[in-house]
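Shown next: model.cif, given as mmCIF, C-alpha atoms.
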data_input
loop_
_atom_site.label_atom_id
_atom_site.label_comp_id
_atom_site.auth_asym_id
_atom_site.auth_seq_id
_atom_site.Cartn_x
_atom_site.Cartn_y
_atom_site.Cartn_z
CA MET C 363 0.00 0.00 0.00
CA LYS C 364 1.33 3.45 -0.89
CA LYS C 365 2.17 5.86 1.94
CA PHE C 366 1.93 9.65 2.08
CA ARG C 367 4.55 11.44 4.16
CA PRO C 368 6.74 14.52 4.42
CA ALA C 369 10.21 14.17 2.92
CA VAL C 370 13.38 13.75 4.95
CA MET C 371 16.94 14.56 3.94
CA ALA C 372 17.60 10.90 3.13
CA ASP C 373 15.04 11.22 0.29
CA LYS C 374 17.13 13.79 -1.61
CA GLU C 375 18.76 11.30 -3.99
CA GLN C 376 15.41 9.78 -4.99
CA PHE C 377 13.89 13.27 -5.36
CA ARG C 378 16.73 14.20 -7.70
CA GLU C 379 16.34 11.01 -9.73
CA LEU C 380 12.62 11.60 -10.27
CA TRP C 381 13.30 15.30 -11.00
CA ASP C 382 15.80 14.38 -13.72
CA ILE C 383 13.34 11.94 -15.28
CA SER C 384 10.56 14.53 -15.29
CA PHE C 385 12.26 17.82 -16.18
CA ASN C 386 14.80 19.08 -18.70
CA ASP C 387 16.95 21.23 -16.43
CA ASN C 388 20.65 21.32 -17.12
CA ALA C 389 22.90 19.40 -14.75
CA ALA C 390 24.61 22.50 -13.36
CA PHE C 391 21.31 24.00 -12.26
CA SER C 392 20.03 20.73 -10.78
CA ASP C 393 23.29 20.20 -8.89
CA TRP C 394 23.05 23.69 -7.41
CA PHE C 395 19.35 23.43 -6.72
CA PHE C 396 19.45 20.16 -4.81
CA ASN C 397 22.53 21.21 -2.86
CA ASN C 398 21.04 24.56 -1.80
CA ARG C 399 17.27 24.50 -2.24
CA PHE C 400 16.20 21.04 -1.06
CA ILE C 401 14.25 21.75 2.15
CA PRO C 402 12.70 18.38 3.04
CA GLU C 403 10.21 19.67 5.63
CA TYR C 404 8.35 21.52 2.87
CA ASN C 405 8.26 18.56 0.47
CA ALA C 406 5.75 15.71 0.35
CA LEU C 407 5.83 12.34 -1.37
CA ILE C 408 4.11 9.08 -2.07
CA GLU C 409 6.18 6.05 -1.15
CA GLU C 410 5.44 2.60 -2.56
CA GLU C 411 5.71 -0.63 -0.58
CA ASP C 412 9.23 -1.22 -1.89
CA GLY C 413 10.39 2.17 -0.58
CA LYS C 414 10.52 3.85 -3.99
CA ILE C 415 9.13 7.38 -4.38
CA SER C 416 6.41 7.36 -7.03
CA SER C 417 5.24 10.99 -6.75
CA GLU C 418 6.67 14.11 -5.17
CA VAL C 419 5.86 17.75 -4.46
CA GLN C 420 8.76 20.08 -3.74
CA SER C 421 8.43 23.60 -2.33
CA MET C 422 10.25 26.31 -0.40
CA PRO C 423 9.03 28.64 2.37
CA VAL C 424 8.55 32.29 1.37
CA PHE C 425 6.57 35.33 2.48
CA LEU C 426 4.04 36.83 0.08
CA ASN C 427 2.97 40.45 0.22
CA VAL C 428 -0.83 40.47 -0.15
CA ARG C 429 -2.30 43.97 0.02
CA ASP C 430 0.73 45.03 2.10
CA PHE C 431 0.25 42.20 4.59
CA VAL C 432 2.98 39.62 5.13
CA ILE C 433 1.62 36.10 4.58
CA PRO C 434 3.56 32.91 5.44
CA SER C 435 3.55 30.91 2.22
CA THR C 436 5.32 28.38 0.06
CA ILE C 437 6.33 28.51 -3.57
CA MET C 438 6.12 25.28 -5.50
CA VAL C 439 9.31 24.39 -7.34
CA GLY C 440 8.39 21.02 -8.80
CA ALA C 441 5.73 18.33 -8.78
CA CYS C 442 5.96 15.09 -10.69
CA THR C 443 4.96 11.44 -10.84
CA HIS C 444 7.12 8.61 -12.11
CA PRO C 445 6.01 7.48 -15.60
CA ASP C 446 5.19 4.00 -14.24
CA PHE C 447 2.55 5.50 -11.93
CA LYS C 448 0.90 8.15 -14.11
CA ARG C 449 -2.87 8.32 -14.68
CA ARG C 450 -3.67 6.87 -11.27
CA GLY C 451 -4.75 10.13 -9.64
CA TYR C 452 -1.59 10.28 -7.53
CA MET C 453 -0.98 13.99 -7.96
CA LYS C 454 -4.42 15.07 -6.75
CA GLU C 455 -4.07 12.82 -3.72
CA LEU C 456 -0.59 14.14 -3.01
CA TYR C 457 -1.61 17.79 -3.40
CA THR C 458 -4.49 17.24 -0.99
CA TYR C 459 -2.04 15.73 1.50
CA TYR C 460 0.53 18.47 0.91
CA MET C 461 -1.93 21.33 1.46
CA GLY C 462 -3.03 19.82 4.76
CA MET C 463 0.59 19.23 5.75
CA VAL C 464 1.73 22.82 5.20
CA ARG C 465 -1.43 24.16 6.85
CA LYS C 466 -0.35 22.42 10.06
CA MET C 467 3.05 24.12 9.68
CA GLY C 468 1.42 27.58 9.71
CA ILE C 469 1.51 28.10 5.95
CA VAL C 470 -1.38 30.10 4.51
CA LEU C 471 -0.76 30.20 0.75
CA CYS C 472 0.99 28.12 -1.89
CA ALA C 473 2.03 29.97 -5.07
CA HIS C 474 3.63 28.55 -8.20
CA THR C 475 3.95 28.85 -11.97
CA PRO C 476 2.62 25.79 -13.81
CA ALA C 477 4.05 24.93 -17.20
CA VAL C 478 0.41 24.65 -18.33
CA LEU C 479 -1.83 27.11 -16.48
CA LYS C 480 -4.87 24.85 -16.04
CA THR C 481 -2.86 21.92 -14.67
CA TYR C 482 -3.79 22.60 -11.04
CA PHE C 483 -7.31 23.97 -11.37
CA TYR C 484 -8.63 20.60 -10.19
CA VAL C 485 -7.01 21.18 -6.79
CA GLY C 486 -8.20 24.79 -6.54
CA HIS C 487 -4.98 26.53 -7.59
CA TYR C 488 -6.15 29.40 -9.83
CA PRO C 489 -4.44 32.51 -11.27
CA VAL C 490 -3.72 35.41 -8.92
CA SER C 491 -1.50 37.49 -11.19
CA ASP C 492 -0.80 38.27 -14.83
CA THR C 493 2.49 38.60 -16.69
CA ALA C 494 3.35 40.56 -19.82
CA PHE C 495 5.67 39.24 -22.52
CA ILE C 496 7.38 40.99 -25.40
CA LYS C 497 8.53 38.50 -28.03
CA THR C 498 10.22 38.68 -31.40
CA ASP C 499 11.66 35.87 -33.50
CA ALA C 500 14.30 38.10 -35.10
CA SER C 501 15.22 41.23 -33.18
CA MET C 502 16.11 44.23 -35.32
CA GLY C 503 17.67 46.01 -32.35
CA ALA C 504 16.52 49.16 -30.61
CA GLU C 505 17.95 52.56 -29.81
CA ILE C 506 19.37 52.91 -26.29
CA ASN C 507 19.31 56.41 -24.82
CA ALA C 508 20.16 55.63 -21.20
CA ASN C 509 23.46 54.46 -19.76
CA VAL C 510 22.97 50.75 -19.21
CA GLU C 511 25.63 48.95 -17.20
CA THR C 512 26.21 45.26 -16.59
CA VAL C 513 27.19 43.62 -13.31
CA SER C 514 27.96 40.14 -12.04
CA LEU C 515 25.32 38.69 -9.72
CA LYS C 516 28.17 37.36 -7.64
CA GLY C 517 29.28 39.64 -4.84
CA ASN C 518 27.64 42.81 -3.58
CA VAL C 519 24.27 43.34 -5.29
CA SER C 520 22.81 45.65 -2.63
CA ASN C 521 22.08 48.36 -5.21
CA ILE C 522 20.09 45.90 -7.35
CA TYR C 523 18.32 44.61 -4.25
CA ARG C 524 17.28 48.13 -3.29
CA CYS C 525 15.60 48.49 -6.69
CA TYR C 526 13.74 45.21 -6.11
CA GLN C 527 12.58 46.45 -2.71
CA MET C 528 11.29 49.74 -4.11
CA ALA C 529 9.69 48.22 -7.21
CA SER C 530 8.03 45.34 -5.36
CA GLN C 531 6.01 47.77 -3.25
CA LYS C 532 3.78 48.33 -6.28
CA TYR C 533 2.46 44.77 -6.31
CA SER C 534 0.16 42.49 -4.40
CA GLY C 535 1.27 38.86 -4.39
CA ILE C 536 4.99 39.58 -4.82
CA ILE C 537 7.52 37.61 -2.79
CA LEU C 538 9.09 39.62 0.01
CA ARG C 539 12.85 39.05 -0.19
CA SER C 540 15.41 39.83 2.46
CA TYR C 541 18.89 40.64 1.20
CA ALA C 542 19.93 37.05 2.03
CA ASP C 543 16.95 35.77 0.00
CA PHE C 544 17.91 38.04 -2.88
CA LYS C 545 21.52 36.83 -2.82
CA LEU C 546 20.35 33.22 -2.88
CA LYS C 547 18.06 33.99 -5.80
CA CYS C 548 21.00 35.55 -7.63
CA ALA C 549 22.97 32.36 -7.02
CA ASP C 550 20.07 30.36 -8.50
CA TYR C 551 20.26 32.51 -11.61
CA MET C 552 24.05 32.28 -11.82
CA SER C 553 23.89 28.48 -11.77
CA CYS C 554 22.23 28.80 -15.18
CA GLY C 555 24.63 31.44 -16.47
CA ALA C 556 22.43 34.51 -15.95
CA LYS C 557 23.61 38.06 -16.58
CA CYS C 558 22.40 41.35 -15.13
CA ALA C 559 22.02 44.82 -16.64
CA PHE C 560 20.88 47.96 -14.83
CA ILE C 561 20.34 51.69 -15.02
CA SER C 562 21.57 53.89 -12.18
CA LYS C 563 20.76 57.53 -11.45
CA ASN C 564 22.53 59.39 -8.66
CA ASN C 565 23.92 56.04 -7.50
CA ILE C 566 20.42 54.55 -7.19
CA VAL C 567 19.43 51.67 -9.46
CA THR C 568 16.10 52.52 -11.07
CA ALA C 569 15.70 49.47 -13.32
CA TYR C 570 17.41 46.13 -13.83
CA ALA C 571 17.12 42.93 -15.83
CA VAL C 572 18.30 39.44 -15.00
CA TYR C 573 18.56 37.68 -18.35
CA PHE C 574 19.96 34.70 -20.21
CA ASP C 575 21.99 34.98 -23.40
CA ASP C 576 22.64 31.67 -25.16
CA GLU C 577 22.21 29.83 -28.47
CA ASN C 578 18.44 30.21 -28.13
CA GLY C 579 18.65 34.00 -27.98
CA ILE C 580 17.81 36.40 -25.16
CA TYR C 581 15.37 35.63 -22.35
CA GLY C 582 14.61 38.41 -19.86
CA GLU C 583 13.73 36.50 -16.70
CA GLU C 584 13.36 39.23 -14.05
CA ILE C 585 12.81 42.86 -14.93
CA MET C 586 12.00 45.29 -12.13
CA SER C 587 11.92 49.07 -12.24
CA VAL C 588 10.79 52.16 -10.37
CA ASP C 589 10.62 54.25 -13.54
CA ASP C 590 8.64 53.42 -16.70
CA ASN C 591 11.10 55.13 -19.02
CA ASP C 592 14.04 53.28 -17.53
CA GLU C 593 12.19 49.99 -17.85
CA GLN C 594 11.76 50.74 -21.56
CA GLU C 595 15.50 51.43 -21.83
CA ILE C 596 16.27 48.08 -20.19
CA VAL C 597 13.90 46.40 -22.64
CA ASN C 598 15.65 48.20 -25.52
CA PHE C 599 19.01 47.00 -24.21
CA LEU C 600 17.85 43.36 -24.21
CA ILE C 601 16.38 43.72 -27.70
CA ASN C 602 19.66 45.20 -28.91
CA GLU C 603 21.67 42.41 -27.25
CA GLY C 604 19.59 39.90 -29.17
CA LYS C 605 19.83 41.62 -32.55
CA GLY C 606 19.17 39.10 -35.31
CA ARG C 607 18.04 36.50 -32.79
CA LYS C 608 14.95 35.49 -30.84
CA VAL C 609 14.14 37.69 -27.83
CA THR C 610 11.59 37.04 -25.08
CA ILE C 611 11.18 39.50 -22.21
CA LYS C 612 8.98 38.82 -19.19
CA LEU C 613 7.50 41.95 -17.56
CA PRO C 614 5.01 43.03 -14.90
CA PRO C 615 1.43 43.10 -16.24
CA GLN C 616 1.02 46.89 -16.09
CA SER C 617 4.28 47.47 -17.99
CA LYS C 618 4.13 50.22 -20.60
CA SER C 619 7.22 48.99 -22.43
CA GLU C 620 6.83 48.18 -26.12
CA TYR C 621 8.78 46.98 -29.15
CA ASN C 622 7.36 47.84 -32.56
CA ASN C 623 8.80 44.77 -34.26
CA GLY C 624 7.63 42.37 -31.57
CA ILE C 625 4.39 41.02 -30.13
CA LYS C 626 3.25 41.99 -26.65
CA THR C 627 0.84 39.78 -24.73
CA ILE C 628 -0.57 39.93 -21.21
CA GLY C 629 -2.18 36.99 -19.49
CA PRO C 630 -2.47 34.90 -16.32
CA ARG C 631 0.68 33.04 -15.29
CA ASN C 632 1.01 32.49 -11.52
CA VAL C 633 -1.48 30.46 -9.51
CA CYS C 634 -2.09 30.12 -5.79
CA GLY C 635 -3.74 27.62 -3.50
CA VAL C 636 -5.12 28.48 -0.06
CA ALA C 637 -4.03 26.26 2.82
CA ASN C 638 -5.78 28.35 5.48
CA ILE C 639 -8.53 30.76 4.44
CA GLN C 640 -9.19 31.79 8.05
CA ALA C 641 -5.61 32.98 8.47
CA LEU C 642 -5.79 34.86 5.15
CA LEU C 643 -9.03 36.58 6.18
CA LYS C 644 -7.56 37.47 9.58
CA ALA C 645 -4.47 38.98 7.93
CA VAL C 646 -6.13 41.12 5.26
CA GLY C 647 -9.76 41.35 6.40
CA LYS C 648 -9.44 44.53 8.51
CA GLY C 649 -12.22 43.30 10.80
CA THR C 650 -14.76 44.21 8.13
CA PRO C 651 -18.30 43.61 9.53
CA PHE C 652 -19.43 41.05 6.97
CA SER C 653 -19.32 37.28 6.62
CA ILE C 654 -18.44 34.96 3.76
CA GLU C 655 -19.06 31.28 3.09
CA ILE C 656 -16.09 29.40 1.65
CA LYS C 657 -16.29 26.11 -0.24
CA ASP C 658 -13.19 23.95 -0.75
CA ASP C 659 -13.02 20.37 -2.04
CA VAL C 660 -9.31 19.96 -1.19
CA VAL C 661 -8.64 21.53 2.21
CA LEU C 662 -11.76 20.56 4.14
CA GLU C 663 -10.89 22.85 7.07
CA ASN C 664 -11.42 25.82 4.73
CA ASN C 665 -15.15 25.09 4.51
CA GLY C 666 -17.53 27.19 6.56
CA VAL C 667 -18.90 30.65 7.19
CA PHE C 668 -16.30 33.11 8.47
CA ASP C 669 -16.14 36.74 9.51
CA PHE C 670 -13.32 38.99 8.35
CA ASN C 671 -11.30 38.28 11.46
CA GLY C 672 -11.11 34.68 10.29
CA ASN C 673 -13.52 33.41 12.94
CA ILE C 674 -16.28 30.87 12.38
CA THR C 675 -19.65 32.61 12.60
CA ASP C 676 -23.30 31.63 12.53
CA LYS C 677 -24.25 34.85 10.74
CA LYS C 678 -25.90 34.51 7.36
CA PRO C 679 -23.11 34.98 4.78
CA CYS C 680 -23.25 37.99 2.51
CA LEU C 681 -21.89 35.81 -0.26
CA SER C 682 -20.64 32.28 -0.93
CA ALA C 683 -17.54 31.55 -2.98
CA PRO C 684 -15.20 28.72 -3.89
CA VAL C 685 -11.91 29.21 -2.10
CA TYR C 686 -10.01 30.05 -5.31
CA ALA C 687 -12.43 32.87 -6.18
CA ALA C 688 -12.07 34.29 -2.67
CA ALA C 689 -8.28 34.17 -3.08
CA GLN C 690 -8.43 35.99 -6.42
CA TRP C 691 -10.46 38.75 -4.80
CA LEU C 692 -8.41 39.00 -1.61
CA PHE C 693 -5.19 39.26 -3.64
CA GLY C 694 -6.78 42.08 -5.63
CA TYR C 695 -6.59 40.17 -8.89
CA ARG C 696 -10.33 40.25 -9.55
CA SER C 697 -13.27 42.14 -8.10
CA LEU C 698 -16.31 40.52 -6.51
CA LYS C 699 -18.41 42.13 -9.22
CA GLU C 700 -16.35 40.43 -11.93
CA LEU C 701 -16.57 37.08 -10.17
CA SER C 702 -20.31 37.50 -9.65
CA GLU C 703 -20.92 38.32 -13.31
CA GLU C 704 -19.20 35.04 -14.22
CA GLY C 705 -21.44 33.09 -11.87
CA LEU C 706 -18.62 32.20 -9.45
CA LEU C 707 -20.38 33.69 -6.41
CA ASN C 708 -23.73 33.25 -4.73
CA VAL C 709 -24.66 36.75 -3.59
CA ASN C 710 -27.08 37.19 -0.70
CA ASP C 711 -26.46 40.90 -0.15
CA MET C 712 -25.56 43.01 -3.19
CA ALA C 713 -25.00 46.12 -1.06
CA ALA C 714 -22.44 44.21 0.98
CA LEU C 715 -20.72 43.03 -2.21
CA ASN C 716 -20.41 46.60 -3.45
CA GLU C 717 -19.07 47.75 -0.09
CA LEU C 718 -16.53 44.92 0.01
CA ASP C 719 -15.30 45.84 -3.46
CA ARG C 720 -14.90 49.42 -2.25
CA LEU C 721 -12.98 48.32 0.84
CA PHE C 722 -10.84 45.87 -1.13
CA PRO C 723 -10.17 47.45 -4.55
CA LYS C 724 -8.28 45.69 -7.30
CA GLN C 725 -4.49 45.73 -7.11
CA ASN C 726 -1.53 45.43 -9.44
CA CYS C 727 -0.79 41.75 -8.91
CA HIS C 728 2.57 40.33 -9.92
CA ILE C 729 4.73 37.38 -8.88
CA VAL C 730 8.11 37.66 -10.54
CA ASP C 731 9.50 34.37 -9.19
CA GLU C 732 9.05 31.23 -11.27
CA TYR C 733 10.06 29.09 -8.26
#
Turn the structure described in the file into structure tokens.
Amino acid sequence: MKKFRPAVMADKEQFRELWDISFNDNAAFSDWFFNNRFIPEYNALIEEEDGKISSEVQSMPVFLNVRDFVIPSTIMVGACTHPDFKRRGYMKELYTYYMGMVRKMGIVLCAHTPAVLKTYFYVGHYPVSDTAFIKTDASMGAEINANVETVSLKGNVSNIYRCYQMASQKYSGIILRSYADFKLKCADYMSCGAKCAFISKNNIVTAYAVYFDDENGIYGEEIMSVDDNDEQEIVNFLINEGKGRKVTIKLPPQSKSEYNNGIKTIGPRNVCGVANIQALLKAVGKGTPFSIEIKDDVVLENNGVFDFNGNITDKKPCLSAPVYAAAQWLFGYRSLKELSEEGLLNVNDMAALNELDRLFPKQNCHIVDEY
């Protein structure tokens, strides 16, 4: 009989073996990742009778900034099932176990970036942020008016980190990084050969790009800025670096940057699951005098009628919502009115809905981290 359990350090070798079977990461990155990012307490697995791991979920602890509130969370870095055990429903079972496991650890949210967006809808992990992309198959270059410098991500990157800190304040859902977190993220990028370009004014970095430059062209992985014009200059720099080659640049959803010879798209990219809706309501709810009914097929403890202090209440709910719709609204990704118009809410008090939308307006939602 298969067994569900948290990982331990002794599982690392099997985790790596299943990772290598399932993903196409280069060896240098995987070596770095498993030596520095394998945190067994935040991983879950299915173990077969012979001791072999048949399915695994791997994550890391982070803090998400939701409407300027700090939320204990995880970010998923990988989930896979061995080919011999696919199509048995293992992943849904494991995700259900995992969400309950991290809930007991005090985790409230689980964010990640699926390769295929709809992959985790069946466990209630729905989009909470959009991402913009500028793409061109053959860059013709672009004029650069600002002084763009390059820097190694190894060593002192405090000036780049300061830009991240300032820029991240614009977004709900973004990961809150300490300087130590930022340095570790830079090391992640360096394990894959990443480069960094930035613009500085009066010794303050106002925009930067972490990017990859290889035989496939240019890929702008992390672009953050405090100035729209400087972000455009960073985009122009990347387009110029990729002249004659394919260029893809990932940007925040509200980005105004453009490239006339490329295609710009904006769409959902990051998803989030709720391990503890009561804790989320308590954190961001502001003690609002209303109640909401939550429905969740995965984390059964999330079911019930709650006030906006996260307490169970016997008051008639103003509205009823699946947990993922409540998360989209609480993040600021969608309004209650939008969700209602799509039939995702049962509304018992329209005046309360309008007041809640006023109290909790939509936000610029962005999660820059892929893992």
Picked residues, the PyMOL selection byres ((chain C and resi 584-596) around 7), expected as a count of residues only: 25
Answer key for the PyMOL selection byres ((chain C and resi 466) around 12), residues as a list in words: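 Checking the PyMOL selection byres ((chain C and resi 466) around 12) against this file, the residues are Glu403, Tyr404, Tyr459, Tyr460, Met461, Gly462, Met463, Val464, Arg465, Met467, Gly468, Ile469, Val470, Ala637, Asn638, Ala641, Val661 and Glu663 of chain C.
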Shortest interatomic distance to Asp550 (chain C) - which of C:Leu515, C:Ala645, C:Leu698, C:Ile401, counting all atoms listed in the file: C:Leu515
Give me, as a PDB file with C-alpha atoms, in the frame of the given file, all polymer residues having an atom no more than 8 Å from region 531-542 of chain C, counting all atoms listed in the file and skipping those fewer than 2 positions away in the same chain.
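The new file part_35.pdb reads:
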ATOM      1  CA  VAL C 424       8.550  32.290   1.370  1.00  0.00           C
ATOM      2  CA  PHE C 425       6.570  35.330   2.480  1.00  0.00           C
ATOM      3  CA  LEU C 426       4.040  36.830   0.080  1.00  0.00           C
ATOM      4  CA  ASN C 427       2.970  40.450   0.220  1.00  0.00           C
ATOM      5  CA  VAL C 428      -0.830  40.470  -0.150  1.00  0.00           C
ATOM      6  CA  ARG C 429      -2.300  43.970   0.020  1.00  0.00           C
ATOM      7  CA  ASP C 430       0.730  45.030   2.100  1.00  0.00           C
ATOM      8  CA  VAL C 432       2.980  39.620   5.130  1.00  0.00           C
ATOM      9  CA  VAL C 490      -3.720  35.410  -8.920  1.00  0.00           C
ATOM     10  CA  SER C 491      -1.500  37.490 -11.190  1.00  0.00           C
ATOM     11  CA  SER C 520      22.810  45.650  -2.630  1.00  0.00           C
ATOM     12  CA  TYR C 523      18.320  44.610  -4.250  1.00  0.00           C
ATOM     13  CA  GLN C 527      12.580  46.450  -2.710  1.00  0.00           C
ATOM     14  CA  MET C 528      11.290  49.740  -4.110  1.00  0.00           C
ATOM     15  CA  ALA C 529       9.690  48.220  -7.210  1.00  0.00           C
ATOM     16  CA  PHE C 544      17.910  38.040  -2.880  1.00  0.00           C
ATOM     17  CA  LYS C 545      21.520  36.830  -2.820  1.00  0.00           C
ATOM     18  CA  LEU C 546      20.350  33.220  -2.880  1.00  0.00           C
ATOM     19  CA  PHE C 693      -5.190  39.260  -3.640  1.00  0.00           C
ATOM     20  CA  GLY C 694      -6.780  42.080  -5.630  1.00  0.00           C
ATOM     21  CA  GLN C 725      -4.490  45.730  -7.110  1.00  0.00           C
ATOM     22  CA  ASN C 726      -1.530  45.430  -9.440  1.00  0.00           C
ATOM     23  CA  CYS C 727      -0.790  41.750  -8.910  1.00  0.00           C
ATOM     24  CA  HIS C 728       2.570  40.330  -9.920  1.00  0.00           C
ATOM     25  CA  ILE C 729       4.730  37.380  -8.880  1.00  0.00           C
ATOM     26  CA  VAL C 730       8.110  37.660 -10.540  1.00  0.00           C
ATOM     27  CA  ASP C 731       9.500  34.370  -9.190  1.00  0.00           C
TER      28      ASP C 731
END
Evaluate the PyMOL selection byres ((chain C and resi 498) around 8) and report residues as a list in words: Ile496, Lys497, Asp499, Ala500, Ser501, Lys608, Val609, Thr610, Asn623, Gly624 and Ile625 of chain C
Atom pair CA of Ile656 (chain C) / CA of Glu455 (chain C): separation (Å):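 Rounded to one decimal, the two atoms are 21.2 Å apart.
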Interatomic distance, CA of Gly579 (chain C) to CA of Phe495 (chain C) (Å, one decimal):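 Interatomic distance, CA of Gly579 (chain C) to CA of Phe495 (chain C): 15.0 Å.
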Nearest residue to Phe385 (chain C) from the set C:Asn673, C:Asn398, C:Asn716, C:Thr443 (distances using only C-alpha atoms):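 For Phe385 (chain C), the nearest of the candidates is C:Thr443.
Interatomic distance, CA of Ala683 (chain C) to CA of Ile654 (chain C): 7.6 Å.
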Per residue of region 511-600 of chain C within 10 Å of region 389-397 of chain C, record the nearest atom pair and its distance in Å to one decimal, counting only C-alpha atoms, with rows in chain order and ascending residue number, as JSON lines.
{"residue": "C:Ala549", "atom": "CA", "partner": "C:Trp394", "partner_atom": "CA", "distance": 8.7}
{"residue": "C:Asp550", "atom": "CA", "partner": "C:Phe395", "partner_atom": "CA", "distance": 7.2}
{"residue": "C:Tyr551", "atom": "CA", "partner": "C:Phe391", "partner_atom": "CA", "distance": 8.6}
{"residue": "C:Met552", "atom": "CA", "partner": "C:Phe391", "partner_atom": "CA", "distance": 8.7}
{"residue": "C:Ser553", "atom": "CA", "partner": "C:Phe391", "partner_atom": "CA", "distance": 5.2}
{"residue": "C:Cys554", "atom": "CA", "partner": "C:Phe391", "partner_atom": "CA", "distance": 5.7}
{"residue": "C:Gly555", "atom": "CA", "partner": "C:Phe391", "partner_atom": "CA", "distance": 9.2}
Residue neighbourhood region 705-714 of chain C, 10 Å, all atoms listed in the file, exclusion window fewer than 4 positions, as a PyMOL selection string: chain C and resi 651-655+678-684+686-688+698-701+718-720
Polymer residues at most 6 Å from Val633 (chain C), only C-alpha atoms, same-chain spacing of 5 or more positions, as a PyMOL selection string: chain C and resi 473-474+487-490
Nearest to Val567 (chain C), chosen from C:Val510, C:Phe670, C:Asn518, C:Ile611, with all atoms listed in the file counted in the distances: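 Among the listed residues, C:Val510 lies closest to Val567 (chain C).
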Given only C-alpha atoms as the counted atoms, nearest of C:Ile580, C:Val660, C:Ala406, C:Glu511 to Val485 (chain C):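 Answer, going by the shortest atom-to-atom distance: C:Val660.
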Neighbour list for Gly486 (chain C) as a ChimeraX atom specification, cut-off 8 Å, only C-alpha atoms, skip fewer than 4 positions in-chain: /C:482,635,658-660,685-686
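Each of C:Val519, C:Cys634, C:Ile433, C:Ala556 was compared to Leu479 (chain C) using all atoms listed in the file, and C:Cys634 turns out to be the nearest.
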Which residue of C:Tyr457, C:Phe722, C:Tyr581, C:Phe560 approaches Cys472 (chain C) most closely, using only C-alpha atoms: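 Using only C-alpha atoms, the shortest distance to Cys472 (chain C) belongs to C:Tyr457.
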